[in-house]
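Student: Input file: work-v3.cif. Contents: mmCIF, C-alpha atoms.
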```cif
data_structure
#
loop_
_atom_site.label_atom_id
_atom_site.label_comp_id
_atom_site.auth_asym_id
_atom_site.auth_seq_id
_atom_site.Cartn_x
_atom_site.Cartn_y
_atom_site.Cartn_z
CA MET A 112 -15.94 31.22 10.61
CA PHE A 113 -19.16 31.58 8.67
CA PHE A 114 -20.25 34.69 10.56
CA LEU A 115 -17.30 36.73 9.38
CA ASP A 116 -17.01 37.97 5.88
CA ASN A 117 -13.29 37.52 5.66
CA TRP A 118 -12.07 34.04 6.45
CA SER A 119 -8.67 34.14 8.01
CA VAL A 120 -6.55 31.26 9.13
CA LEU A 121 -5.51 33.08 12.29
CA SER A 122 -9.00 33.50 13.73
CA PHE A 123 -9.92 29.91 12.88
CA THR A 124 -6.78 28.56 14.56
CA SER A 125 -7.19 30.64 17.69
CA GLY A 126 -10.81 29.60 18.02
CA TYR A 127 -9.87 25.96 17.56
CA LEU A 128 -7.19 26.19 20.24
CA ILE A 129 -9.64 27.80 22.68
CA GLY A 130 -12.11 25.00 21.96
CA LEU A 131 -9.42 22.40 22.63
CA LEU A 132 -8.61 24.03 25.97
CA ILE A 133 -12.26 24.12 27.04
CA LEU A 134 -12.72 20.47 26.04
CA PHE A 135 -9.60 19.53 27.98
CA GLY A 136 -10.94 21.33 31.04
CA LEU A 137 -14.27 19.51 30.79
CA GLN A 138 -12.50 16.15 30.55
CA ARG A 139 -13.77 14.91 33.92
CA PHE A 140 -17.41 15.05 32.82
CA ILE A 141 -16.93 13.27 29.47
CA SER A 142 -16.60 9.52 29.54
CA SER A 143 -14.61 9.03 26.34
CA LYS A 144 -10.90 9.60 25.90
CA TYR A 145 -9.57 13.00 24.89
CA TYR A 146 -9.48 12.82 21.14
CA LEU A 147 -6.15 14.57 20.75
CA PHE A 148 -4.44 11.62 22.45
CA THR A 149 -6.11 9.24 20.00
CA LEU A 150 -4.86 11.43 17.18
CA LEU A 151 -1.34 11.23 18.59
CA ASP A 152 -1.62 7.44 18.73
CA VAL A 153 -2.76 7.31 15.10
CA LEU A 154 0.24 9.44 14.18
CA LYS A 155 2.55 7.11 16.09
CA LEU A 156 1.07 4.09 14.31
CA PHE A 157 1.70 5.79 10.98
CA LEU A 158 5.34 6.56 11.88
CA ILE A 159 5.96 2.96 13.00
CA PHE A 160 4.47 1.80 9.73
CA ILE A 161 6.68 4.09 7.59
CA ALA A 162 9.80 2.90 9.43
CA GLU A 163 8.83 -0.76 8.90
CA LEU A 164 8.09 -0.09 5.24
CA PHE A 165 11.56 1.31 4.58
CA ALA A 166 13.45 -1.29 6.61
CA SER A 167 11.80 -4.32 5.10
CA SER A 168 11.74 -3.00 1.54
CA ILE A 169 15.51 -2.62 1.71
CA VAL A 170 15.67 -6.30 2.70
CA VAL A 171 13.46 -7.28 -0.23
CA ILE A 172 15.47 -5.17 -2.70
CA GLY A 173 18.61 -6.96 -1.52
CA LYS A 174 16.89 -10.27 -2.15
CA ILE A 175 15.77 -9.29 -5.64
CA LEU A 176 19.11 -7.94 -6.82
CA GLN A 177 21.12 -11.00 -5.85
CA PRO A 178 22.78 -12.63 -8.87
CA ARG A 179 21.28 -15.99 -7.90
CA ILE A 180 17.97 -15.95 -6.07
CA THR A 181 18.31 -18.16 -3.02
CA ILE A 182 15.12 -17.60 -1.06
CA LYS A 183 13.11 -20.03 0.99
CA PRO A 184 9.50 -18.82 0.87
CA GLY A 185 6.71 -20.32 2.87
CA ILE A 186 3.44 -19.71 4.64
CA LEU A 187 3.38 -18.94 8.36
CA ALA A 188 0.44 -19.13 10.74
CA LEU A 189 0.32 -16.12 13.07
CA ASN A 190 -1.88 -16.17 16.14
CA THR A 191 -3.26 -12.77 16.93
CA SER A 192 -4.72 -11.52 20.18
CA LEU A 193 -6.80 -8.80 18.56
CA GLU A 194 -10.56 -8.98 18.45
CA GLY A 195 -13.17 -7.38 16.28
CA GLU A 196 -13.24 -6.77 12.58
CA VAL A 197 -11.70 -3.30 12.59
CA GLU A 198 -8.60 -4.33 14.52
CA VAL A 199 -7.97 -7.48 12.48
CA THR A 200 -8.51 -5.59 9.23
CA LEU A 201 -6.06 -2.90 10.29
CA LEU A 202 -3.46 -5.50 11.28
CA ALA A 203 -3.85 -7.37 7.98
CA LEU A 204 -3.58 -4.10 6.04
CA LEU A 205 -0.38 -3.12 7.84
CA ILE A 206 1.23 -6.56 7.53
CA THR A 207 0.44 -6.67 3.82
CA LEU A 208 1.81 -3.19 3.24
CA THR A 209 5.17 -4.07 4.73
CA PRO A 210 6.93 -5.91 1.91
CA GLY A 211 8.18 -9.38 2.62
CA SER A 212 4.86 -10.54 4.02
CA VAL A 213 1.44 -10.90 2.42
CA VAL A 214 -1.64 -12.00 4.32
CA ILE A 215 -3.23 -14.77 2.26
CA GLU A 216 -6.07 -16.06 4.39
CA ILE A 217 -7.79 -15.29 7.68
CA SER A 218 -9.51 -18.04 9.61
CA PRO A 219 -13.27 -17.56 10.10
CA ASP A 220 -13.01 -16.87 13.82
CA ASN A 221 -10.49 -14.03 13.26
CA LYS A 222 -7.86 -15.75 15.35
CA VAL A 223 -5.22 -16.94 12.88
CA LEU A 224 -3.62 -15.00 10.04
CA TYR A 225 -1.86 -17.00 7.34
CA VAL A 226 1.08 -14.93 6.11
CA HIS A 227 3.27 -15.69 3.13
CA ALA A 228 6.83 -14.67 3.95
CA MET A 229 9.56 -14.31 1.39
CA ASP A 230 12.42 -15.86 3.30
CA ILE A 231 11.35 -17.98 6.24
CA PRO A 232 14.65 -18.39 8.14
CA GLU A 233 15.42 -14.68 8.01
CA LEU A 234 12.06 -12.99 8.07
CA SER A 235 9.89 -15.04 10.42
CA ASP A 236 11.29 -13.40 13.56
CA GLY A 237 10.98 -9.98 11.93
CA VAL A 238 7.36 -10.62 10.96
CA ARG A 239 6.49 -11.69 14.49
CA GLN A 240 8.23 -8.69 16.05
CA SER A 241 6.55 -6.21 13.72
CA GLN A 242 3.22 -7.95 14.39
CA ILE A 243 3.71 -7.40 18.14
CA ARG A 244 4.56 -3.74 17.59
CA PHE A 245 1.57 -3.20 15.32
CA GLU A 246 -0.73 -4.92 17.79
CA LYS A 247 0.40 -2.67 20.61
CA ALA A 248 -0.09 0.46 18.52
CA ILE A 249 -3.50 -0.69 17.24
CA LYS A 250 -4.72 -1.51 20.74
CA ARG A 251 -3.73 1.95 21.86
CA VAL A 252 -5.81 3.46 19.06
CA THR A 253 -8.96 1.38 19.17
CA ARG A 254 -9.35 0.55 22.84
CA PRO A 255 -10.24 3.29 25.32
CA MET B 1460 18.51 19.60 -16.32
CA ILE B 1461 15.28 18.92 -14.46
CA GLN B 1462 13.56 18.00 -17.67
CA TRP B 1463 16.31 15.52 -18.41
CA ILE B 1464 15.96 13.89 -15.00
CA LEU B 1465 12.21 13.59 -15.57
CA PHE B 1466 12.74 12.09 -19.02
CA PHE B 1467 15.18 9.65 -17.49
CA SER B 1468 12.62 8.54 -14.93
CA LEU B 1469 10.04 8.20 -17.70
CA SER B 1470 12.40 5.85 -19.48
CA PHE B 1471 12.74 3.79 -16.30
CA LEU B 1472 8.96 3.68 -16.16
CA THR B 1473 8.87 2.48 -19.77
CA PHE B 1474 11.22 -0.38 -18.99
CA SER B 1475 9.15 -1.46 -16.02
CA ILE B 1476 5.97 -1.34 -18.10
CA LEU B 1477 7.69 -3.51 -20.73
CA ALA B 1478 8.69 -6.01 -18.03
CA THR B 1479 5.12 -6.10 -16.75
CA ILE B 1480 3.78 -6.67 -20.28
CA TYR B 1481 6.24 -9.55 -20.65
CA ARG B 1482 4.80 -11.10 -17.51
CA LEU B 1483 1.26 -10.34 -18.75
CA VAL B 1484 1.87 -12.29 -21.96
CA LYS B 1485 3.99 -15.08 -20.53
CA GLY B 1486 2.52 -15.59 -17.05
CA PRO B 1487 1.72 -19.24 -16.40
CA THR B 1488 -1.53 -18.73 -14.50
CA ALA B 1489 -4.44 -16.36 -14.89
CA SER B 1490 -3.84 -14.88 -11.43
CA GLU B 1491 -0.48 -13.60 -12.54
CA ARG B 1492 -2.07 -11.87 -15.50
CA VAL B 1493 -4.53 -10.13 -13.19
CA MET B 1494 -1.63 -9.05 -10.99
CA ALA B 1495 0.23 -7.70 -14.02
CA LEU B 1496 -2.81 -5.63 -15.00
CA ASP B 1497 -2.93 -4.18 -11.49
CA ALA B 1498 0.77 -3.28 -11.72
CA LEU B 1499 0.14 -1.63 -15.09
CA GLY B 1500 -2.44 0.61 -13.44
CA ILE B 1501 0.08 1.60 -10.77
CA TYR B 1502 2.75 2.47 -13.34
CA LEU B 1503 0.22 4.46 -15.37
CA ILE B 1504 -0.56 6.54 -12.28
CA SER B 1505 3.14 7.32 -11.88
CA GLY B 1506 3.43 8.19 -15.56
CA VAL B 1507 0.51 10.61 -15.46
CA ALA B 1508 1.96 12.30 -12.36
CA ILE B 1509 5.34 12.77 -14.07
CA PHE B 1510 3.66 14.18 -17.16
CA SER B 1511 1.72 16.66 -15.06
CA ILE B 1512 5.03 17.88 -13.63
CA LEU B 1513 6.54 18.12 -17.10
CA LEU B 1514 3.65 20.06 -18.58
CA LYS B 1515 3.05 22.07 -15.35
CA SER B 1516 -0.63 21.33 -15.69
CA ARG B 1517 -3.26 20.61 -13.05
CA ALA B 1518 -5.69 19.00 -15.47
CA PHE B 1519 -4.54 15.43 -14.94
CA PHE B 1520 -5.23 14.96 -11.25
CA GLU B 1521 -8.70 13.58 -11.86
CA ILE B 1522 -7.14 11.03 -14.21
CA ILE B 1523 -4.88 9.81 -11.40
CA LEU B 1524 -7.87 9.20 -9.15
CA LEU B 1525 -9.86 7.60 -11.98
CA ILE B 1526 -7.13 5.16 -12.99
CA GLY B 1527 -6.64 4.17 -9.36
CA ILE B 1528 -10.34 3.50 -8.79
CA LEU B 1529 -10.88 1.68 -12.08
CA SER B 1530 -7.87 -0.59 -11.70
CA PHE B 1531 -8.88 -1.43 -8.13
CA VAL B 1532 -12.44 -2.32 -9.09
CA GLY B 1533 -11.29 -4.32 -12.10
CA THR B 1534 -8.79 -6.28 -10.02
CA ILE B 1535 -11.36 -7.13 -7.37
CA ALA B 1536 -13.91 -8.23 -9.98
CA LEU B 1537 -11.41 -10.40 -11.85
CA ALA B 1538 -10.15 -12.03 -8.65
CA ARG B 1539 -13.67 -12.83 -7.55
CA PHE B 1540 -14.36 -14.27 -10.96
CA LEU B 1541 -11.29 -16.50 -10.73
CA GLU B 1542 -12.20 -17.62 -7.25
CA ARG B 1543 -15.90 -18.37 -7.56
CA GLY B 1544 -16.57 -18.48 -11.29
CA ALA B 1545 -18.94 -15.51 -11.17
CA VAL B 1546 -18.65 -11.84 -10.30
CA PHE B 1547 -22.13 -11.50 -8.83
CA GLU B 1548 -23.75 -14.42 -7.06
CA ARG B 1549 -27.47 -14.61 -7.55
CA ASN B 1550 -28.73 -16.79 -4.72
CA GLN B 1551 -26.61 -16.62 -1.64
CA SER B 1552 -27.52 -19.25 0.88
CA ASP B 1553 -26.50 -17.49 4.08
CA MET C 1491 15.50 31.94 -8.89
CA SER C 1492 18.20 29.59 -7.71
CA GLU C 1493 16.11 28.50 -4.72
CA ILE C 1494 13.29 27.48 -7.04
CA ASN C 1495 15.82 25.56 -9.12
CA LEU C 1496 17.14 23.76 -6.06
CA ILE C 1497 13.62 22.79 -4.96
CA GLU C 1498 12.81 21.56 -8.45
CA LEU C 1499 16.02 19.54 -8.52
CA GLY C 1500 15.16 17.87 -5.22
CA ILE C 1501 11.67 17.05 -6.44
CA ALA C 1502 13.01 15.61 -9.70
CA ILE C 1503 15.45 13.42 -7.78
CA MET C 1504 12.58 12.24 -5.57
CA VAL C 1505 10.57 11.25 -8.65
CA LEU C 1506 13.63 9.50 -10.05
CA VAL C 1507 14.07 7.50 -6.83
CA GLY C 1508 10.41 6.49 -6.99
CA THR C 1509 10.67 5.24 -10.56
CA ILE C 1510 13.90 3.37 -9.74
CA PHE C 1511 12.01 1.57 -6.95
CA GLY C 1512 9.31 0.69 -9.49
CA PHE C 1513 11.94 -0.58 -11.92
CA ILE C 1514 13.60 -2.79 -9.30
CA SER C 1515 10.27 -4.25 -8.31
CA SER C 1516 9.41 -4.98 -11.94
CA ILE C 1517 12.74 -6.85 -12.20
CA GLY C 1518 11.60 -8.83 -9.17
CA PHE C 1519 8.25 -9.36 -10.90
CA ILE C 1520 10.13 -11.17 -13.68
CA ARG C 1521 12.79 -12.99 -11.70
CA LEU C 1522 10.98 -14.37 -8.67
CA PRO C 1523 9.76 -17.95 -8.91
CA ASP C 1524 6.03 -18.11 -8.11
CA ILE C 1525 2.98 -15.88 -7.83
CA TYR C 1526 3.14 -15.32 -4.07
CA ASN C 1527 6.71 -14.04 -4.27
CA ARG C 1528 5.76 -11.82 -7.18
CA ALA C 1529 3.03 -10.35 -5.03
CA HIS C 1530 5.72 -9.14 -2.63
CA ALA C 1531 7.42 -7.26 -5.45
CA LEU C 1532 4.11 -5.81 -6.59
CA SER C 1533 3.00 -4.58 -3.19
CA LYS C 1534 6.37 -2.94 -2.64
CA SER C 1535 6.24 -1.16 -5.98
CA SER C 1536 2.76 0.13 -5.55
CA THR C 1537 3.44 1.58 -2.13
CA LEU C 1538 6.93 3.01 -2.26
CA SER C 1539 7.11 4.13 -5.87
CA VAL C 1540 3.67 5.71 -5.91
CA LEU C 1541 4.39 7.33 -2.54
CA PHE C 1542 7.57 8.93 -3.85
CA VAL C 1543 6.21 10.00 -7.23
CA LEU C 1544 2.91 11.42 -6.00
CA LEU C 1545 4.57 13.11 -3.02
CA GLY C 1546 7.06 14.69 -5.44
CA THR C 1547 4.24 15.95 -7.63
CA PHE C 1548 2.38 17.25 -4.60
CA LEU C 1549 5.46 19.13 -3.34
CA PHE C 1550 6.09 20.51 -6.82
CA PHE C 1551 2.64 22.02 -7.06
CA VAL C 1552 2.76 23.33 -3.48
CA MET C 1553 6.19 24.92 -3.65
CA VAL C 1554 6.61 26.03 -7.24
CA GLU C 1555 3.07 26.78 -8.37
CA GLY C 1556 1.65 27.57 -4.95
CA TYR C 1557 -1.36 25.33 -5.40
CA PHE C 1558 -2.44 22.95 -2.62
CA SER C 1559 -4.02 20.02 -4.40
CA ILE C 1560 -6.28 17.88 -2.24
CA LYS C 1561 -6.85 15.49 -5.15
CA LEU C 1562 -3.25 14.28 -5.17
CA PHE C 1563 -3.43 13.75 -1.43
CA LEU C 1564 -6.58 11.69 -1.97
CA GLY C 1565 -4.75 9.74 -4.66
CA ILE C 1566 -1.90 8.82 -2.27
CA PHE C 1567 -4.40 7.81 0.41
CA PHE C 1568 -6.44 5.76 -2.02
CA VAL C 1569 -3.45 3.87 -3.39
CA PHE C 1570 -2.28 3.12 0.14
CA LEU C 1571 -5.73 1.83 1.00
CA THR C 1572 -6.35 -0.29 -2.09
CA ALA C 1573 -2.94 -1.79 -2.93
CA PRO C 1574 -2.83 -4.27 -0.02
CA VAL C 1575 -6.48 -5.19 -0.51
CA SER C 1576 -6.00 -6.10 -4.16
CA THR C 1577 -2.78 -8.00 -3.40
CA HIS C 1578 -4.53 -9.97 -0.69
CA VAL C 1579 -7.53 -10.76 -2.88
CA ILE C 1580 -5.39 -11.97 -5.79
CA CYS C 1581 -3.26 -14.16 -3.52
CA ARG C 1582 -6.30 -15.64 -1.83
CA SER C 1583 -8.00 -16.45 -5.12
CA ALA C 1584 -4.76 -17.98 -6.42
CA TYR C 1585 -4.46 -20.19 -3.35
CA ARG C 1586 -8.08 -21.26 -3.57
CA CYS C 1587 -7.59 -22.10 -7.26
CA HIS C 1588 -4.81 -24.48 -6.15
CA VAL C 1589 -1.89 -22.59 -7.66
CA GLU C 1590 1.18 -24.45 -6.46
CA LEU C 1591 3.83 -22.85 -4.30
CA ALA C 1592 7.35 -22.68 -5.71
CA PRO C 1593 9.41 -25.85 -5.19
CA GLU C 1594 11.84 -23.92 -2.99
CA SER C 1595 9.18 -23.39 -0.34
CA VAL C 1596 10.00 -24.79 3.06
CA GLN C 1597 6.81 -24.39 5.04
CA ASP C 1598 3.08 -24.44 4.32
CA ASP C 1599 0.79 -24.00 7.29
CA LEU C 1600 -2.24 -23.19 5.18
CA LYS C 1601 -2.65 -26.53 3.42
CA ALA C 1602 -4.26 -28.32 6.37
CA PHE C 1603 -6.58 -25.39 6.97
CA ILE C 1604 -7.74 -25.26 3.35
CA ASP C 1605 -8.34 -29.01 3.28
CA GLU C 1606 -10.65 -28.84 6.25
CA TYR C 1607 -12.42 -25.62 5.23
CA THR C 1608 -13.19 -25.65 1.53
CA CYS C 1609 -15.23 -22.61 0.70
CA HIS C 1610 -15.58 -23.00 -3.04
CA PRO C 1611 -17.48 -25.85 -4.67
#
```
For the structure just supplied, provide its representation as structure tokens.
Tutor:
Amino acid sequence: MFFLDNWSVLSFTSGYLIGLLILFGLQRFISSKYYLFTLLDVLKLFLIFIAELFASSIVVIGKILQPRITIKPGILALNTSLEGEVEVTLLALLITLTPGSVVIEISPDNKVLYVHAMDIPELSDGVRQSQIRFEKAIKRVTRP
Amino acid sequence: MIQWILFFSLSFLTFSILATIYRLVKGPTASERVMALDALGIYLISGVAIFSILLKSRAFFEIILLIGILSFVGTIALARFLERGAVFERNQSD
Amino acid sequence: MSEINLIELGIAIMVLVGTIFGFISSIGFIRLPDIYNRAHALSKSSTLSVLFVLLGTFLFFVMVEGYFSIKLFLGIFFVFLTAPVSTHVICRSAYRCHVELAPESVQDDLKAFIDEYTCHP
């Protein structure tokens, strides 16, 4: 790209594709995972997250626009099976970004997340299910 | 037509900023006031983006980034101050 | 000409939807009972409304003006990264300052944990 005077998208893309093919062919001699698969997993995590964001924000909007607010908030303790700071941080970020659940505290040994949920009888199952889905997707990204 | 829709959304933004200012003045605890300031930063970002569509100008994109960064840093500093009583701790034991 | 108008109309409606989300969440910011529930409204506003408005602006400058702005993309990314962090930090500081939960609350698993592990003096 820097050797040519004119930078064109076509030559860059074709060179990148050839590089991908060569790297895929040399896969047996490299110990780490093929990085395109990791990229696909990151994309899948992002799509799961967008779907959760829309679904649960519709629930929260319904709660807000009721004529009389009848919610039963509370704090749940969620046990997580993830290890390491990166995984727990990613899980807490995703749980906080889905509305209807805010991570308030994390225990010092990274085992228990304390989550404030907006409506305990309705949302606690949803929070646990989305936690399981997020954990699966995160494990696929961070673990080889 | 498009201008009218954008003005309409700006008026929605004005109402939400007014609601946030109500909570900023009234809020029972200091944490709620910090949260209201954070929300004000978010609404300001949206307002600047809508104005840059209205004026068809690229000059405001830096302002979007700047408001985001400043409101984030301010929120973190205020929350730490509420929690520990100081923003920077001078002698940490561990 | 009419295609450009149609694209602009779609973008304007997208921005309108974003600001309506912000408005609903500010209503929730007033109506909900305690600070933790208000944090739900805040985190929803800052993600969805900023996502819609900034994505609308981004698409406007790509499609109408033909200018790919990396700064707006960075702005979306940055808001997505910082909004949950600030919400979490405010909620944690509020809980450690002993802000009470709303009287409607039905469950509090954190109280025992905080009593045994008091971080602040």
Student: Which residues, written as a ChimeraX atom specification, have at least one atom at most 9 Å from Asn221 in chain A, with only C-alpha atoms counted and residues fewer than 3 positions away on the same chain left out?
Tutor: /A:191,193-196,199,217-218,224
Student: Which residue is closest to chain B? Choose from C:Val1554, C:Met1504, C:Leu1562, C:Ile1494 and count all atoms listed in the file.
Tutor: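 Answer, going by the shortest atom-to-atom distance: C:Leu1562.
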Student: With all atoms listed in the file counted and 8 Å as the cut-off, give the residues of chain C in contact with chain B, each with its shortest interatomic distance in Å and the pair that gives it, as JSON lines.
Tutor:
```
{"residue": "C:Glu1498", "atom": "CA", "partner": "B:Ile1461", "partner_atom": "CA", "distance": 7.0}
{"residue": "C:Leu1499", "atom": "CA", "partner": "B:Ile1461", "partner_atom": "CA", "distance": 6.0}
{"residue": "C:Ala1502", "atom": "CA", "partner": "B:Ile1461", "partner_atom": "CA", "distance": 6.2}
{"residue": "C:Ile1503", "atom": "CA", "partner": "B:Ile1464", "partner_atom": "CA", "distance": 7.3}
{"residue": "C:Val1505", "atom": "CA", "partner": "B:Ser1468", "partner_atom": "CA", "distance": 7.1}
{"residue": "C:Leu1506", "atom": "CA", "partner": "B:Ser1468", "partner_atom": "CA", "distance": 5.1}
{"residue": "C:Thr1509", "atom": "CA", "partner": "B:Ser1468", "partner_atom": "CA", "distance": 5.8}
{"residue": "C:Ile1510", "atom": "CA", "partner": "B:Phe1471", "partner_atom": "CA", "distance": 6.7}
{"residue": "C:Gly1512", "atom": "CA", "partner": "B:Ser1475", "partner_atom": "CA", "distance": 6.9}
{"residue": "C:Phe1513", "atom": "CA", "partner": "B:Ser1475", "partner_atom": "CA", "distance": 5.0}
{"residue": "C:Ser1516", "atom": "CA", "partner": "B:Ser1475", "partner_atom": "CA", "distance": 5.4}
{"residue": "C:Ile1517", "atom": "CA", "partner": "B:Ala1478", "partner_atom": "CA", "distance": 7.1}
{"residue": "C:Phe1519", "atom": "CA", "partner": "B:Thr1479", "partner_atom": "CA", "distance": 7.4}
{"residue": "C:Ile1520", "atom": "CA", "partner": "B:Arg1482", "partner_atom": "CA", "distance": 6.6}
{"residue": "C:Ile1525", "atom": "CA", "partner": "B:Glu1491", "partner_atom": "CA", "distance": 6.3}
{"residue": "C:Ala1529", "atom": "CA", "partner": "B:Met1494", "partner_atom": "CA", "distance": 7.7}
{"residue": "C:Leu1532", "atom": "CA", "partner": "B:Ala1498", "partner_atom": "CA", "distance": 6.6}
{"residue": "C:Ser1536", "atom": "CA", "partner": "B:Ile1501", "partner_atom": "CA", "distance": 6.0}
{"residue": "C:Ser1539", "atom": "CA", "partner": "B:Ser1505", "partner_atom": "CA", "distance": 7.9}
{"residue": "C:Val1540", "atom": "CA", "partner": "B:Ser1505", "partner_atom": "CA", "distance": 6.2}
{"residue": "C:Val1543", "atom": "CA", "partner": "B:Ser1505", "partner_atom": "CA", "distance": 6.2}
{"residue": "C:Leu1544", "atom": "CA", "partner": "B:Ala1508", "partner_atom": "CA", "distance": 6.5}
{"residue": "C:Thr1547", "atom": "CA", "partner": "B:Ile1512", "partner_atom": "CA", "distance": 6.4}
{"residue": "C:Phe1550", "atom": "CA", "partner": "B:Ile1512", "partner_atom": "CA", "distance": 7.4}
{"residue": "C:Lys1561", "atom": "CA", "partner": "B:Phe1520", "partner_atom": "CA", "distance": 6.3}
{"residue": "C:Leu1562", "atom": "CA", "partner": "B:Phe1520", "partner_atom": "CA", "distance": 6.4}
{"residue": "C:Leu1564", "atom": "CA", "partner": "B:Leu1524", "partner_atom": "CA", "distance": 7.7}
{"residue": "C:Gly1565", "atom": "CA", "partner": "B:Leu1524", "partner_atom": "CA", "distance": 5.5}
{"residue": "C:Phe1568", "atom": "CA", "partner": "B:Gly1527", "partner_atom": "CA", "distance": 7.5}
{"residue": "C:Val1569", "atom": "CA", "partner": "B:Gly1527", "partner_atom": "CA", "distance": 6.8}
{"residue": "C:Thr1572", "atom": "CA", "partner": "B:Phe1531", "partner_atom": "CA", "distance": 6.6}
{"residue": "C:Ala1573", "atom": "CA", "partner": "B:Phe1531", "partner_atom": "CA", "distance": 7.9}
{"residue": "C:Ser1576", "atom": "CA", "partner": "B:Ile1535", "partner_atom": "CA", "distance": 6.3}
{"residue": "C:Thr1577", "atom": "CA", "partner": "B:Met1494", "partner_atom": "CA", "distance": 7.7}
{"residue": "C:Val1579", "atom": "CA", "partner": "B:Ala1538", "partner_atom": "CA", "distance": 6.5}
{"residue": "C:Ile1580", "atom": "CA", "partner": "B:Ala1538", "partner_atom": "CA", "distance": 5.6}
{"residue": "C:Cys1581", "atom": "CA", "partner": "B:Ser1490", "partner_atom": "CA", "distance": 8.0}
{"residue": "C:Ser1583", "atom": "CA", "partner": "B:Glu1542", "partner_atom": "CA", "distance": 4.9}
{"residue": "C:Ala1584", "atom": "CA", "partner": "B:Ser1490", "partner_atom": "CA", "distance": 6.0}
{"residue": "C:Arg1586", "atom": "CA", "partner": "B:Glu1542", "partner_atom": "CA", "distance": 6.6}
{"residue": "C:Cys1587", "atom": "CA", "partner": "B:Glu1542", "partner_atom": "CA", "distance": 6.4}
{"residue": "C:Val1589", "atom": "CA", "partner": "B:Thr1488", "partner_atom": "CA", "distance": 7.9}
{"residue": "C:His1610", "atom": "CA", "partner": "B:Arg1543", "partner_atom": "CA", "distance": 6.5}
```
Student: Which residues match the PyMOL selection byres ((chain C) within 9 of (chain A)) in the file above, as a PyMOL selection string?
Tutor: chain C and resi 1511+1514-1515+1517-1518+1521-1523+1526-1527+1529-1534+1537-1538+1570-1571+1573-1575+1577-1583+1585+1591-1592+1594-1600+1603
Student: Kindly give the distance, in Å, that separates CA of Ile133 in chain A and CA of Leu121 in chain A, rounded to a single decimal.
Tutor: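 That distance, rounded to one decimal, is 18.5 Å.
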Student: For CA of Ser1559 in chain C and CA of Ile1497 in chain C, determine how far apart the two atoms are, in Å to one decimal place.
Tutor: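 So the two atoms, CA of Ser1559 in chain C and CA of Ile1497 in chain C, lie 17.9 Å apart.
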Student: Neighbours of Phe245 in chain A within 8 Å (only C-alpha atoms; same-chain residues fewer than 5 positions away dropped), as a PyMOL selection string?
Tutor: chain A and resi 156+159+202+205
